[in-house]
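One structure below.
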Amino acid sequence: MKISQIIKEKRKHLGLTQENIAEYLGVSIPAVSKWENGTTYPDITLLPGLARLLKTDLNTLMSFNEEMSEVEIKNVVMKVQSIIQEDGFEDGFQFALDQVRAFPTCENLIYSLGVFLQPSLGLQSVEHQSKYREELAKLYFRIRNSENIEIKKEAISFLFYLHCEKEEYEKAATLLNDYPADTKLMMAYLHQQKKEYEPACVLLEHRMLEIAVEMQSILIALPRFLCLKTGETMPRNWLASKNSWQSNWHFRMYRIYS
């Protein structure tokens, strides 16, 4: 929220008029009106008194610690999309950067803009794409240590693949130390880029086995849940049966990877 909106809302909430504000601060009524319209801003020497008068603090008055709401972030992304469609990617990207400068600590804003701008950059016929990717990297670098897992994963993932693309393999590998999820696929990709195909294959095989075990667990659990739902009884020997396709499937997977 802009300072003009904050002044207006706080004043009305306290039941004060523009004349009251002007009188208390020793300025003209038109000056207060211009503050609320966003035409001009209060002199820096008036800010402490204005904050006390509006029963708030300077951080709130100046929006220093403010985070954008989800609705506001959605509107910003839609605005960026509109500008790109009407005026081109460069103008839309610049508008996005302006919003980040206004809310430099809003991780959700940076994350949402990054998620939108990445594919947009690939779909648009944009010159100097590497320049924009470097700008995106700067934004993602800010949020790479976010406490929000999804934001952290997105940021590290983008930076990882960018370093791989630039053949900065040590930097890419270092990033994976902080990646908050399984890194086998990313490590396999890193080995592949370095033409180290054997360790890449080993990692992919291990990951495939993990997925197979997860799938088996689901296949074992699903009939139980269905029986509970329908009230039917599970056959005691269904899992151990020689003809049980789940057991046979598990045996085949074991033979492949043992």
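Ordering of the structure tokens sets the chain letters (A, B, ...); residue numbers start at 1 within each chain; ligands are numbered from 1 in the order shown.
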If you count only C-alpha atoms, which residues fall within 10 Å of Glu9 in chain A, apart from same-chain ones fewer than 5 positions away, as a list in words?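 Listing them by chain and then by number gives Ile3, Ser4, Leu14, Gly15, Glu36 and Leu54 of chain A.
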Contacts of range 27-31 of chain A at 10 Å (only C-alpha atoms; same-chain gap of 5+ positions) as an NGL selection string: :A and (17-22 or 36-37 or 39-42 or 46)
